[in-house]
file coords_32.txt (compact mmCIF, C-alpha atoms and all ligand atoms)
# COMPACT_ATOMS: atom_id res chain seq x y z
CA SER A 1 181.95 -3.80 70.39
CA ILE A 2 185.48 -5.10 70.15
CA ILE A 3 184.34 -8.69 69.90
CA SER A 4 181.74 -8.04 67.25
CA SER A 5 184.32 -6.28 65.05
CA ALA A 6 186.68 -9.23 65.34
CA ASP A 7 183.79 -11.57 64.60
CA LYS A 8 182.92 -9.47 61.57
CA MET A 9 186.40 -9.95 60.16
CA SER A 10 186.15 -13.69 60.71
CA SER A 11 182.77 -13.68 59.08
CA VAL A 12 184.16 -11.79 56.07
CA LEU A 13 186.79 -14.48 55.92
CA ARG A 14 184.28 -17.27 56.16
CA HIS A 15 182.00 -15.57 53.67
CA CYS A 16 184.71 -15.25 51.08
CA THR A 17 185.98 -18.74 51.54
CA LYS A 18 185.26 -21.41 49.03
CA PHE A 19 186.54 -24.09 51.37
CA THR A 20 184.22 -24.51 54.29
CA PRO A 21 185.31 -26.91 57.01
CA SER A 22 183.14 -29.52 55.34
CA GLY A 23 184.88 -28.63 52.07
CA PHE A 24 188.15 -29.87 53.54
CA GLY A 25 186.56 -33.23 53.97
CA SER A 26 185.93 -33.53 50.28
CA LEU A 27 189.43 -32.37 49.45
CA LEU A 28 191.03 -34.69 51.90
CA SER A 29 189.15 -37.52 50.32
CA GLY A 30 190.50 -36.49 46.95
CA ASN A 31 187.74 -34.44 45.33
CA CYS A 32 188.81 -30.92 44.48
CA SER A 33 186.46 -27.99 44.12
CA HIS A 34 187.43 -27.84 40.47
CA GLY A 35 185.65 -31.08 39.79
CA ARG A 36 188.58 -33.23 38.78
CA THR A 37 190.21 -35.86 40.86
CA CYS A 38 192.91 -34.15 42.80
CA ALA A 39 196.32 -35.66 43.03
CA LEU A 40 197.13 -33.74 46.19
CA GLN A 41 197.89 -35.84 49.19
CA TYR A 42 197.34 -34.37 52.61
CA PHE A 43 198.98 -35.76 55.67
CA VAL A 44 197.17 -34.59 58.71
CA SER A 45 198.37 -34.97 62.27
CA SER A 46 197.90 -32.78 65.28
CA ASN A 47 200.68 -30.29 64.51
CA ARG A 48 201.70 -30.91 60.97
CA TYR A 49 199.72 -30.98 57.80
CA SER A 50 201.65 -31.08 54.61
CA SER A 51 200.58 -31.24 51.06
CA SER A 52 202.72 -31.83 48.04
CA LYS A 53 203.56 -28.18 47.37
CA ILE A 54 203.40 -26.62 50.81
CA LYS A 55 204.66 -27.86 54.15
CA VAL A 56 203.09 -26.54 57.32
CA ASP A 57 204.51 -27.01 60.81
CA LEU A 58 202.51 -25.64 63.70
CA ASP A 59 204.43 -25.33 66.96
CA SER A 60 201.82 -25.88 69.64
CA SER A 61 204.10 -24.39 72.32
CA ASN A 62 203.91 -20.89 70.82
CA GLY A 63 201.07 -21.09 68.27
CA VAL A 64 203.35 -20.22 65.34
CA ALA A 65 202.95 -22.04 62.05
CA ILE A 66 205.77 -22.11 59.52
CA MET A 67 204.50 -22.54 56.01
CA GLN A 68 207.19 -23.54 53.56
CA PHE A 69 206.69 -23.41 49.80
CA GLN A 70 208.21 -26.53 48.29
CA SER A 71 207.18 -26.48 44.66
CA PRO A 72 210.30 -26.72 42.48
CA PRO A 73 211.82 -25.17 40.58
CA VAL A 74 210.51 -21.70 41.49
CA ASN A 75 207.33 -22.02 43.62
CA SER A 76 205.25 -20.64 40.78
CA LEU A 77 201.63 -20.09 41.77
CA SER A 78 199.82 -22.73 39.77
CA LEU A 79 196.16 -23.61 40.25
CA ASP A 80 197.12 -26.56 42.44
CA PHE A 81 199.57 -24.49 44.48
CA LEU A 82 197.04 -21.72 45.05
CA THR A 83 194.36 -24.23 46.02
CA GLU A 84 196.64 -25.86 48.58
CA PHE A 85 197.72 -22.47 49.86
CA ALA A 86 194.14 -21.29 50.42
CA ILE A 87 193.21 -24.55 52.13
CA ASN A 88 196.21 -24.43 54.46
CA LEU A 89 195.47 -20.82 55.38
CA GLU A 90 191.85 -21.66 56.02
CA LYS A 91 192.82 -24.56 58.27
CA LEU A 92 195.14 -22.31 60.26
CA GLU A 93 192.52 -19.57 60.42
CA LEU A 94 190.09 -21.99 62.02
CA ASP A 95 192.71 -23.44 64.34
CA ARG A 96 192.48 -21.74 67.74
CA GLY A 97 195.92 -23.05 68.59
CA CYS A 98 197.49 -20.97 65.83
CA ARG A 99 198.24 -17.26 66.42
CA GLY A 100 200.81 -16.51 63.76
CA VAL A 101 201.97 -17.73 60.37
CA ILE A 102 205.42 -17.35 58.81
CA ILE A 103 205.58 -17.96 55.07
CA THR A 104 208.89 -18.86 53.48
CA SER A 105 210.44 -20.93 50.71
CA ALA A 106 212.09 -24.31 50.82
CA GLN A 107 213.59 -23.67 47.36
CA PRO A 108 217.02 -22.11 47.04
CA LYS A 109 217.15 -18.55 45.65
CA VAL A 110 213.43 -18.08 45.01
CA PHE A 111 210.64 -17.12 47.39
CA SER A 112 208.04 -17.39 44.60
CA ALA A 113 208.23 -16.62 40.87
CA GLY A 114 204.65 -15.35 40.97
CA LEU A 115 201.72 -16.64 38.99
CA ASP A 116 202.47 -19.69 36.92
CA ILE A 117 202.60 -18.29 33.41
CA LEU A 118 201.67 -21.67 31.96
CA GLU A 119 198.25 -21.31 33.63
CA MET A 120 197.67 -18.16 31.60
CA TYR A 121 198.94 -19.44 28.28
CA GLN A 122 197.00 -21.27 25.57
CA LYS A 123 194.26 -22.47 27.90
CA SER A 124 190.48 -22.20 27.71
CA PRO A 125 188.43 -19.29 29.09
CA GLU A 126 186.99 -21.79 31.62
CA HIS A 127 190.49 -22.57 32.81
CA TYR A 128 191.35 -18.87 33.14
CA THR A 129 188.16 -18.36 35.15
CA GLU A 130 189.00 -21.16 37.54
CA PHE A 131 192.61 -20.02 37.84
CA TRP A 132 191.70 -16.42 38.56
CA LYS A 133 189.18 -17.43 41.21
CA ALA A 134 191.99 -19.34 42.93
CA VAL A 135 194.26 -16.28 42.77
CA GLN A 136 191.53 -14.12 44.32
CA GLU A 137 190.84 -16.74 46.97
CA ALA A 138 194.48 -17.00 48.03
CA TRP A 139 194.72 -13.21 48.31
CA LEU A 140 191.49 -12.95 50.30
CA LYS A 141 192.69 -15.61 52.72
CA LEU A 142 196.14 -14.14 53.27
CA TYR A 143 195.28 -10.44 53.21
CA GLY A 144 192.25 -11.09 55.41
CA SER A 145 193.97 -13.45 57.83
CA THR A 146 193.34 -12.60 61.49
CA LYS A 147 196.67 -14.26 62.40
CA VAL A 148 199.96 -12.39 62.55
CA THR A 149 201.53 -13.05 59.16
CA ILE A 150 205.23 -12.60 58.45
CA ALA A 151 206.98 -13.12 55.13
CA ALA A 152 210.48 -14.58 55.47
CA ILE A 153 211.62 -13.74 51.94
CA ASN A 154 214.61 -15.95 51.30
CA GLY A 155 214.86 -15.43 47.55
CA SER A 156 213.58 -13.47 44.56
CA SER A 157 209.98 -12.48 44.72
CA PRO A 158 208.60 -11.05 41.47
CA ALA A 159 204.94 -10.27 40.68
CA GLY A 160 202.57 -12.68 42.47
CA GLY A 161 205.45 -13.59 44.83
CA CYS A 162 205.73 -9.94 45.80
CA LEU A 163 201.94 -9.84 46.22
CA LEU A 164 202.03 -12.68 48.76
CA ALA A 165 204.82 -10.97 50.68
CA MET A 166 202.95 -7.63 50.64
CA CYS A 167 199.86 -9.33 52.11
CA CYS A 168 201.77 -10.13 55.29
CA ASP A 169 201.96 -7.91 58.35
CA TYR A 170 205.78 -7.77 58.22
CA ARG A 171 208.49 -8.59 55.65
CA ILE A 172 212.03 -9.76 56.32
CA MET A 173 214.21 -10.30 53.26
CA ALA A 174 217.57 -11.97 52.77
CA ASP A 175 220.21 -9.35 52.03
CA ASN A 176 221.49 -10.90 48.82
CA PRO A 177 222.36 -8.74 45.78
CA ARG A 178 220.98 -11.41 43.46
CA TYR A 179 217.46 -11.15 44.86
CA SER A 180 214.79 -8.70 43.81
CA ILE A 181 211.16 -8.02 44.58
CA GLY A 182 208.38 -6.03 42.91
CA LEU A 183 205.29 -6.05 40.74
CA ASN A 184 206.96 -6.39 37.33
CA GLU A 185 203.78 -7.19 35.34
CA THR A 186 204.18 -4.39 32.79
CA GLN A 187 207.50 -5.90 31.76
CA LEU A 188 205.53 -8.93 30.60
CA GLY A 189 203.06 -6.70 28.74
CA ILE A 190 200.34 -7.40 31.30
CA VAL A 191 198.72 -5.24 33.93
CA ALA A 192 198.55 -5.84 37.68
CA PRO A 193 194.86 -5.86 38.70
CA PHE A 194 193.45 -3.13 40.95
CA TRP A 195 193.76 -5.21 44.13
CA PHE A 196 197.45 -5.95 43.46
CA LYS A 197 197.83 -2.19 43.06
CA ASP A 198 195.84 -1.50 46.24
CA THR A 199 197.97 -3.95 48.20
CA MET A 200 201.15 -2.20 47.08
CA LEU A 201 199.64 1.22 47.67
CA ASN A 202 198.86 0.21 51.26
CA VAL A 203 202.49 -0.82 51.79
CA VAL A 204 204.58 1.84 50.02
CA GLY A 205 202.18 4.71 49.24
CA HIS A 206 200.90 6.34 46.09
CA ARG A 207 204.03 7.80 44.51
CA GLU A 208 206.15 4.68 44.77
CA THR A 209 203.29 2.45 43.59
CA GLU A 210 202.69 4.64 40.56
CA LYS A 211 206.35 4.48 39.60
CA GLY A 212 206.85 0.83 40.53
CA LEU A 213 203.78 -0.36 38.64
CA GLN A 214 204.32 1.63 35.44
CA LEU A 215 207.95 0.65 35.16
CA GLY A 216 207.37 -2.89 36.39
CA LEU A 217 210.19 -2.28 38.86
CA LEU A 218 212.00 -5.18 40.44
CA TYR A 219 213.67 -3.57 43.43
CA SER A 220 217.05 -4.66 44.66
CA THR A 221 217.07 -5.48 48.37
CA PRO A 222 218.46 -2.08 49.51
CA GLU A 223 215.95 -0.30 47.24
CA ALA A 224 213.11 -2.41 48.62
CA LEU A 225 214.14 -1.49 52.16
CA LYS A 226 214.45 2.19 51.24
CA VAL A 227 210.92 2.45 49.81
CA GLY A 228 209.42 0.33 52.60
CA LEU A 229 208.53 -2.63 50.41
CA VAL A 230 210.35 -4.77 52.97
CA ASP A 231 210.76 -3.92 56.64
CA GLU A 232 214.14 -5.49 57.32
CA LEU A 233 217.16 -6.99 55.54
CA VAL A 234 219.12 -9.70 57.31
CA PRO A 235 221.82 -12.20 56.31
CA GLU A 236 220.32 -15.13 54.46
CA ASP A 237 220.86 -17.62 57.28
CA LYS A 238 219.07 -15.32 59.74
CA VAL A 239 215.83 -14.84 57.81
CA LEU A 240 213.80 -17.48 59.59
CA SER A 241 215.21 -16.85 63.06
CA THR A 242 214.55 -13.11 62.69
CA ALA A 243 211.01 -13.88 61.55
CA THR A 244 210.49 -16.02 64.64
CA GLU A 245 211.86 -13.30 66.94
CA THR A 246 209.68 -10.68 65.26
CA MET A 247 206.68 -12.95 65.64
CA THR A 248 207.25 -13.09 69.40
CA LYS A 249 207.03 -9.28 69.55
CA TRP A 250 203.82 -9.18 67.52
CA LEU A 251 202.28 -11.95 69.61
CA ALA A 252 202.90 -9.94 72.80
CA ILE A 253 199.98 -7.72 71.73
CA PRO A 254 196.52 -8.97 72.74
CA ASP A 255 194.97 -10.73 69.74
CA HIS A 256 191.67 -8.88 69.78
CA ALA A 257 193.11 -5.40 69.76
CA ARG A 258 195.61 -6.28 67.04
CA GLN A 259 193.03 -8.06 64.89
CA ILE A 260 190.60 -5.15 65.02
CA SER A 261 193.38 -2.73 64.09
CA LYS A 262 194.34 -4.97 61.18
CA SER A 263 190.74 -5.24 60.04
CA MET A 264 190.31 -1.46 60.27
CA MET A 265 193.26 -0.99 57.92
CA ARG A 266 192.43 -3.77 55.45
CA LYS A 267 188.67 -4.20 55.29
CA PRO A 268 188.00 -1.46 52.72
CA THR A 269 190.55 -3.03 50.35
CA ILE A 270 189.06 -6.50 50.87
CA ASP A 271 185.50 -5.24 50.43
CA LYS A 272 186.46 -3.64 47.14
CA LEU A 273 187.47 -6.98 45.65
CA LEU A 274 184.49 -8.78 47.19
CA ALA A 275 182.18 -6.26 45.54
CA ASN A 276 183.89 -6.64 42.18
CA ARG A 277 184.92 -10.30 42.05
CA GLU A 278 182.91 -11.31 39.02
CA ALA A 279 183.85 -8.22 37.02
CA ASP A 280 187.49 -8.81 37.93
CA ILE A 281 187.30 -12.40 36.66
CA THR A 282 185.64 -11.29 33.41
CA ASN A 283 188.30 -8.67 33.01
CA PHE A 284 191.08 -11.18 33.52
CA VAL A 285 189.57 -13.68 31.08
CA ASN A 286 188.96 -11.03 28.40
CA PHE A 287 192.46 -9.68 28.82
CA THR A 288 194.24 -13.02 28.90
CA THR A 289 192.44 -14.41 25.83
CA LYS A 290 193.57 -11.47 23.69
CA ASP A 291 195.97 -12.51 20.92
CA SER A 292 198.36 -9.70 21.78
CA ILE A 293 198.53 -10.80 25.44
CA GLN A 294 199.03 -14.44 24.52
CA LYS A 295 201.83 -13.34 22.22
CA SER A 296 203.50 -11.29 24.96
CA LEU A 297 203.32 -14.19 27.41
CA GLY A 298 204.74 -16.59 24.78
CA VAL A 299 207.65 -14.23 24.07
CA TYR A 300 208.30 -13.80 27.79
CA MET A 301 208.40 -17.53 28.42
CA GLU A 302 210.83 -18.00 25.54
CA MET A 303 212.98 -15.26 27.02
CA LEU A 304 213.02 -17.04 30.39
CA LYS A 305 214.12 -20.27 28.74
CA LYS A 306 216.81 -18.61 26.55
CA ARG A 307 218.20 -16.65 29.49
CA LYS A 308 218.83 -19.98 31.13
CA SER A 309 220.69 -21.58 28.23
N1 LIG A 401 205.67 -19.37 35.67
C1 LIG A 401 206.01 -20.53 35.08
N2 LIG A 401 207.28 -20.97 34.94
C2 LIG A 401 208.25 -20.17 35.43
C3 LIG A 401 207.96 -18.94 36.05
C4 LIG A 401 206.61 -18.56 36.18
N3 LIG A 401 206.23 -17.39 36.76
N4 LIG A 401 209.13 -18.39 36.42
C5 LIG A 401 210.11 -19.24 36.05
N5 LIG A 401 209.58 -20.32 35.45
C6 LIG A 401 210.30 -21.49 34.92
C7 LIG A 401 211.34 -21.10 33.88
O1 LIG A 401 210.75 -20.96 32.60
C8 LIG A 401 212.27 -22.28 33.97
O2 LIG A 401 211.67 -23.36 33.26
P1 LIG A 401 212.58 -24.45 32.50
O3 LIG A 401 213.40 -25.11 33.57
O4 LIG A 401 211.56 -25.35 31.87
O5 LIG A 401 213.38 -23.69 31.49
C9 LIG A 401 212.27 -22.64 35.45
O6 LIG A 401 211.05 -22.08 35.97
C10 LIG A 401 213.43 -22.06 36.23
O7 LIG A 401 213.50 -20.65 35.98
P2 LIG A 401 214.87 -19.85 35.96
O8 LIG A 401 215.92 -20.66 35.28
O9 LIG A 401 214.58 -18.49 35.42
O10 LIG A 401 215.20 -19.80 37.52
P3 LIG A 401 216.18 -18.78 38.26
O11 LIG A 401 216.40 -19.36 39.61
O12 LIG A 401 217.35 -18.40 37.43
O13 LIG A 401 215.30 -17.43 38.43
C11 LIG A 401 213.28 -16.21 38.89
C12 LIG A 401 214.15 -17.43 39.24
C13 LIG A 401 213.99 -14.93 39.30
C14 LIG A 401 211.99 -16.34 39.68
C15 LIG A 401 213.01 -16.19 37.37
O14 LIG A 401 212.57 -17.49 36.97
C16 LIG A 401 211.97 -15.20 36.93
O15 LIG A 401 212.23 -14.02 36.88
N6 LIG A 401 210.78 -15.70 36.58
C17 LIG A 401 209.72 -14.90 36.03
C18 LIG A 401 208.98 -14.23 37.11
C19 LIG A 401 207.87 -13.42 36.57
O16 LIG A 401 208.02 -12.51 35.78
N7 LIG A 401 206.64 -13.71 37.03
C20 LIG A 401 205.50 -13.01 36.61
C21 LIG A 401 204.30 -13.88 36.66
S1 LIG A 401 202.84 -12.90 36.35
C22 LIG A 401 202.17 -12.58 37.88
O17 LIG A 401 202.58 -13.12 38.87
C23 LIG A 401 201.03 -11.60 38.03
C24 LIG A 401 200.13 -11.59 36.87
C25 LIG A 401 198.96 -10.66 37.12
C26 LIG A 401 197.82 -10.95 36.17
C27 LIG A 401 197.72 -9.93 35.15
C28 LIG A 401 196.38 -9.95 34.44
C29 LIG A 401 196.53 -10.29 33.00

call {"tool": "encode", "arguments": {"input": "coords_32.txt", "output": "structure tokens", "more": "lines below"}}
Ligand code: CO8
result
Amino acid sequence: SIISSADKMSSVLRHCTKFTPSGFGSLLSGNCSHGRTCALQYFVSSNRYSSSKIKVDLDSSNGVAIMQFQSPPVNSLSLDFLTEFAINLEKLELDRGCRGVIITSAQPKVFSAGLDILEMYQKSPEHYTEFWKAVQEAWLKLYGSTKVTIAAINGSSPAGGCLLAMCCDYRIMADNPRYSIGLNETQLGIVAPFWFKDTMLNVVGHRETEKGLQLGLLYSTPEALKVGLVDELVPEDKVLSTATETMTKWLAIPDHARQISKSMMRKPTIDKLLANREADITNFVNFTTKDSIQKSLGVYMEMLKKRKS
């Protein structure tokens, strides 16, 4: 039945979540799942729960939550960021008063710089394992969200930043010639995992994914619109208001019917990662600990720093 399919999606979500409702309790009291004392401070009130790296405002009049990334300088996806992100999504998922989530950046010029390269550089295999689990978890939560999700992309969005945007139901990007978006992993000498690839494939199709992934393409905004990587370009100061207007249209559809349609489209992709989680972690750890990969990441970080000076 309709209801049981929707319940199934929620159960997939609950099944794949590391943070059960009781888990929040331990995090709120300062104990993270990764066993160390967590410096994250959560401020919880009825409509607003903010953590140090992400601010969430839930408007109870329309059920729309705006989630703003506020992790300077570039909202890179560190272990702490990803942990907060997954927790916030989980809280919203369980909140019956929330029907839609808009993700955007509070930083100028950057939506998200993708995975924090420092988390993948000169660390222990245990650290890489923990980090990769957090990356998987964030993806599972966002890609599997039953809420309407809209990315208000108000800055550059390479690699993991592009992944987050692609997980949403709709993408609105600021029409600024300085911004770009894409899975540029090969340019760093690393390879986007199969579920990054699947997410892109589901958005832009096989041919464009094949080209974009091999070349590590960062698309300019008109190119991104042309290939369907984003749905709409708007002036920078209209990104959030357009996202809110778009949300209203999506929320006009009955939740159940929309959620089942979403699940129908996404479940096979989600199931594929769920069935291969451990192998995917092993693969990431083996790959990242390779000398050649460490060297590539070191060179890339140096390049980022030099480019600045
Ligand atoms: N991780 C860590 N630090 C970063 C990252 C990052 N991804 N991106 C930028 N920084 C740092 C810079 O080094 C710089 O540090 P510092 O101030 O100490 O010199 C600071 O952030 C500011 O950076 P910029 O000066 O470059 O900021 P701009 O506003 O000029 O540009 C950009 C912003 C466009 C986001 C630019 O920083 C950029 O292109 N960054 C690199 C983005 C990138 O290539 N990310 C790829 C990450 S890999 C990933 O997400 C998927 C990996 C999949 C796993 C593969 C399996 C092995």

call {"tool": "closest_residue", "arguments": {"input": "coords_32.txt", "among": "A:Phe81, A:Tyr219, A:Phe284, A:Phe69", "to": "ligand LIG 401 (chain A)", "atoms": "all atoms listed in the file"}}
result
A:Phe284

call {"tool": "residues_around", "arguments": {"input": "coords_32.txt", "residues": "Thr248 in chain A", "least_positions_apart": "4", "cutoff": "10 Å", "atoms": "only C-alpha atoms", "output": "PyMOL selection string"}}
result
chain A and resi 62+64+100+242-244+252-253

call {"tool": "residues_near_point", "arguments": {"input": "coords_32.txt", "point": "(209.9, -13.8, 53.3)", "cutoff": "10 Å", "atoms": "all atoms listed in the file", "output": "PyMOL selection string"}}
result
chain A and resi 102-105+110-112+150-157+161-162+164-166+168+170-174+230+239-240+243

call {"tool": "closest_atom_pairs", "arguments": {"input": "coords_32.txt", "of": "chain A", "to": "ligand LIG 401 (chain A)", "cutoff": "8 Å", "atoms": "all atoms listed in the file", "output": "CSV"}}
result
residue,atom,partner,partner_atom,distance
A:Pro73,CA,A:LIG401,C10,5.6
A:Val74,CA,A:LIG401,O6,5.6
A:Ser76,CA,A:LIG401,C4,5.2
A:Leu77,CA,A:LIG401,N3,7.3
A:Ser78,CA,A:LIG401,N1,7.9
A:Pro108,CA,A:LIG401,O11,7.9
A:Lys109,CA,A:LIG401,O11,6.1
A:Val110,CA,A:LIG401,C14,5.8
A:Phe111,CA,A:LIG401,C14,7.9
A:Ser112,CA,A:LIG401,C14,6.4
A:Ala113,CA,A:LIG401,C14,4.0
A:Gly114,CA,A:LIG401,O17,3.7
A:Leu115,CA,A:LIG401,O17,3.6
A:Asp116,CA,A:LIG401,N1,3.5
A:Ile117,CA,A:LIG401,N1,4.0
A:Leu118,CA,A:LIG401,C1,5.5
A:Glu119,CA,A:LIG401,C1,7.9
A:Ser156,CA,A:LIG401,C13,5.5
A:Ser157,CA,A:LIG401,C14,6.7
A:Pro158,CA,A:LIG401,C18,5.4
A:Ala159,CA,A:LIG401,O17,4.1
A:Gly160,CA,A:LIG401,O17,3.6
A:Gly161,CA,A:LIG401,O17,6.6
A:Tyr179,CA,A:LIG401,C13,7.6
A:Ser180,CA,A:LIG401,C13,7.7
A:Leu183,CA,A:LIG401,C23,7.5
A:Asn184,CA,A:LIG401,O16,6.4
A:Glu185,CA,A:LIG401,C23,5.9
A:Gln187,CA,A:LIG401,O16,7.8
A:Leu188,CA,A:LIG401,O16,6.8
A:Ile190,CA,A:LIG401,C29,5.1
A:Val191,CA,A:LIG401,C27,4.9
A:Ala192,CA,A:LIG401,C25,4.9
A:Pro193,CA,A:LIG401,C28,6.1
A:Phe284,CA,A:LIG401,C28,5.5
A:Val285,CA,A:LIG401,C29,8.0
A:Phe287,CA,A:LIG401,C29,5.9
A:Thr288,CA,A:LIG401,C29,5.4
A:Ile293,CA,A:LIG401,C29,7.8
A:Met301,CA,A:LIG401,O1,5.9
A:Glu302,CA,A:LIG401,O1,7.7
A:Leu304,CA,A:LIG401,O1,5.0
A:Lys305,CA,A:LIG401,O5,4.5
A:Lys306,CA,A:LIG401,O5,7.9
A:Arg307,CA,A:LIG401,O9,7.2
A:Lys308,CA,A:LIG401,O8,5.1

call {"tool": "closest_residue", "arguments": {"input": "coords_32.txt", "among": "A:Leu218, A:Leu89, A:Met303, A:Ile270", "to": "Asp198 in chain A", "atoms": "only C-alpha atoms"}}
result
A:Ile270

call {"tool": "atom_distance", "arguments": {"input": "coords_32.txt", "atom1": "CA of Lys147 in chain A", "atom2": "CA of Leu233 in chain A"}}
result
22.8 Å

call {"tool": "atom_distance", "arguments": {"input": "coords_32.txt", "atom1": "CA of Gly63 in chain A", "atom2": "CA of His256 in chain A"}}
result
15.5 Å

call {"tool": "closest_residue", "arguments": {"input": "coords_32.txt", "among": "A:Met120, A:Leu225, A:Ile66, A:Val148", "to": "Val203 in chain A", "atoms": "only C-alpha atoms"}}
result
A:Leu225

call {"tool": "closest_residue", "arguments": {"input": "coords_32.txt", "among": "A:Pro222, A:Thr199, A:Gly182, A:Leu58", "to": "Lys267 in chain A", "atoms": "only C-alpha atoms"}}
result
A:Thr199

call {"tool": "closest_residue", "arguments": {"input": "coords_32.txt", "among": "A:Leu92, A:Val101, A:Ile87, A:Leu217", "to": "Gln68 in chain A", "atoms": "all atoms listed in the file"}}
result
A:Val101

call {"tool": "residues_around", "arguments": {"input": "coords_32.txt", "residues": "Ser220 in chain A", "least_positions_apart": "3", "cutoff": "8 Å", "atoms": "only C-alpha atoms", "output": "NGL selection string"}}
result
:A and (177-181 or 223-224)

call {"tool": "atom_distance", "arguments": {"input": "coords_32.txt", "atom1": "CA of Ala65 in chain A", "atom2": "CA of Asp255 in chain A"}}
result
15.8 Å

call {"tool": "closest_residue", "arguments": {"input": "coords_32.txt", "among": "A:Thr146, A:Ser71, A:Gln107, A:Asn276", "to": "Ser263 in chain A", "atoms": "all atoms listed in the file"}}
result
A:Thr146

call {"tool": "residues_around", "arguments": {"input": "coords_32.txt", "residues": "Ala138 in chain A", "least_positions_apart": "4", "cutoff": "9 Å", "atoms": "all atoms listed in the file", "output": "NGL selection string"}}
result
:A and (82-83 or 85-87 or 89 or 133-134 or 142-143 or 164)
